[in-house]
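Below is one structure, written out as structure tokens; comments come after it.
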Amino acid sequence: MNQSRPKVRKSRALGIPLTPKAVKYFEARPYPPGMHGRGRKSTSDYKVRLLEKQRLRAQYDISERQLVRAYERATKAQGKTGEALIVELERRLDALVLRSGVARTVYQARQMVVHGHIEVNGRKVDKPSYRVRPGDVVTVRERSREKHPFQVAREGGYAGEGETPKYLEVNLPALAFRLDRDPNRKEIPVICDEQLVVEYYAR
């Protein structure tokens, strides 16, 4: 993805802080950017659903095509499609690298994976969309561990940005974590009314 739009501006447009840095800016200006940011608030059912879909995409930094594929897989899963969709996205490798505290933002997590710094079960994986399965062990590659971002992660420098979810077993000093089980929707720290996303695609 790697979108060029400034993250703070994008956060304000979507109504959610996308990075730790964006939080303080968002609190100071909790309205959309631009000269009409505090102006008209006319909306429609379609626009509400579209915004919710864009918010979900932004939180995982994925393309429209990737979200559609995840939605199609979720429709075939048992239970509620919306909850299955969030779980599907949460099992992405870059998302779990973020949740574990190895990265500070999803953008940094994606970069770590793409640049070949991450292994799953001892094998290098450079696809952020790789779907981690319960029992998989994710580690930072031996040759990458002395790089500055991983030294910060090892000391817990990124872990303070959020609580480690219960579905992960994390060992930051070893720069490793394991997905113990599939996440439950209520445990996943994503701001989204997933039913609106389902309605958007089911229309």
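Ordering of the structure tokens sets the chain letters (A, B, ...), residue numbers begin anew at 1 in every chain, and ligands are numbered from 1 in the order given.
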Can you tell me, as a compact mmCIF listing (two decimals) with C-alpha atoms, in the first residue's frame, what residues are no more than 10 Å from Arg145 of chain A when counting only C-alpha atoms, ignoring any on the same chain fewer than 4 positions away?
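Result file is out26.txt:
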# COMPACT_ATOMS: atom_id res chain seq x y z
CA HIS A 117 13.53 -9.22 8.68
CA THR A 139 10.79 -14.30 15.11
CA VAL A 140 13.09 -11.53 13.95
CA ARG A 141 15.86 -13.01 11.80
CA PRO A 149 14.23 -0.65 15.52
CA PHE A 150 14.63 -4.17 16.87
CA GLN A 151 16.87 -3.01 19.71
CA ALA A 153 11.50 -3.37 20.43
CA ARG A 154 13.62 -5.73 22.55
CA ALA A 174 14.00 -12.88 22.25
CA LEU A 175 12.14 -10.84 19.59
Problem set entry | Residue contacts of Asn184 of chain A (9 Å, only C-alpha atoms) excluding same-chain residues fewer than 5 positions away, as a ChimeraX atom specification | /A:83,87,167
For the selection just defined, write its residues with C-alpha atoms to a file, as a CSV table (one decimal), in the first residue's frame.
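Contents of again_34.csv, as written:
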chain,number,residue,atom,x,y,z
A,83,GLU,CA,-16.5,-10.9,13.0
A,87,VAL,CA,-10.3,-12.1,12.6
A,167,TYR,CA,-4.1,-14.6,21.7
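Using only C-alpha atoms, the protein and nucleic acid residues lying no more than 7 Å from segment 100-107 of chain A, apart from those fewer than 6 places from it along its own chain, are A:Thr19, A:Tyr60, A:Asp61, A:Asp94, A:Phe150, A:Ala153, A:Tyr158, A:Ala159, A:Thr164, A:Val170, A:Leu175, A:Phe177.
Considering only C-alpha atoms, the residue among A:Ile118, A:Val113, A:Leu56, A:Leu179 positioned nearest to Asp136 of chain A is A:Leu179.
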Problem set entry | Members of segment 13-203 of chain A assigned strand (DSSP E) by DSSP, as a PyMOL selection string | chain A and resi 118-120+123-124+137-140+168-171+176-179
Serialized selection, N, CA and C atoms, as a short mmCIF file (atom, residue, chain, number, x, y, z; two decimals), in the first residue's frame:
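Output saved as out_38.cif:
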data_model
loop_
_atom_site.label_atom_id
_atom_site.label_comp_id
_atom_site.auth_asym_id
_atom_site.auth_seq_id
_atom_site.Cartn_x
_atom_site.Cartn_y
_atom_site.Cartn_z
N ILE A 118 11.69 -10.82 9.01
CA ILE A 118 10.82 -11.66 9.83
C ILE A 118 10.80 -13.11 9.34
N GLU A 119 10.81 -14.02 10.28
CA GLU A 119 10.70 -15.46 9.98
C GLU A 119 9.44 -16.03 10.63
N VAL A 120 8.85 -17.02 9.97
CA VAL A 120 7.74 -17.78 10.56
C VAL A 120 8.16 -19.24 10.57
N ARG A 123 11.46 -19.90 8.77
CA ARG A 123 11.59 -19.59 7.34
C ARG A 123 11.26 -18.13 7.08
N LYS A 124 12.08 -17.47 6.28
CA LYS A 124 11.84 -16.05 5.98
C LYS A 124 10.52 -15.89 5.22
N VAL A 137 5.24 -19.80 15.11
CA VAL A 137 6.17 -18.98 15.88
C VAL A 137 6.83 -17.97 14.95
N VAL A 138 6.71 -16.70 15.30
CA VAL A 138 7.26 -15.61 14.48
C VAL A 138 8.45 -15.00 15.21
N THR A 139 9.57 -14.86 14.51
CA THR A 139 10.79 -14.30 15.11
C THR A 139 11.43 -13.29 14.17
N VAL A 140 12.24 -12.42 14.75
CA VAL A 140 13.09 -11.53 13.95
C VAL A 140 14.33 -12.33 13.54
N LEU A 168 -1.82 -13.83 21.78
CA LEU A 168 -0.39 -13.89 21.47
C LEU A 168 0.42 -14.20 22.73
N GLU A 169 1.43 -15.04 22.57
CA GLU A 169 2.41 -15.25 23.62
C GLU A 169 3.70 -14.59 23.14
N VAL A 170 4.13 -13.53 23.83
CA VAL A 170 5.22 -12.68 23.34
C VAL A 170 6.45 -12.78 24.25
N ASN A 171 7.61 -12.86 23.62
CA ASN A 171 8.89 -12.82 24.33
C ASN A 171 9.74 -11.74 23.64
N ALA A 176 10.47 -12.57 19.68
CA ALA A 176 9.69 -13.69 19.17
C ALA A 176 8.29 -13.67 19.77
N PHE A 177 7.34 -14.24 19.03
CA PHE A 177 5.99 -14.42 19.57
C PHE A 177 5.31 -15.59 18.86
N ARG A 178 4.26 -16.09 19.50
CA ARG A 178 3.51 -17.21 18.93
C ARG A 178 2.03 -16.87 18.95
N LEU A 179 1.33 -17.23 17.88
CA LEU A 179 -0.12 -17.10 17.86
C LEU A 179 -0.68 -18.35 18.52
#
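Closest approach to Ala202 of chain A among A:Val190, A:Ala13, A:Val68, A:Val132: A:Val68, based on only C-alpha atoms.
Closest approach to Gly82 of chain A from the set A:Arg9, A:Arg143, A:Lys53, A:Arg181 is made by A:Lys53, with distances taken over only C-alpha atoms.
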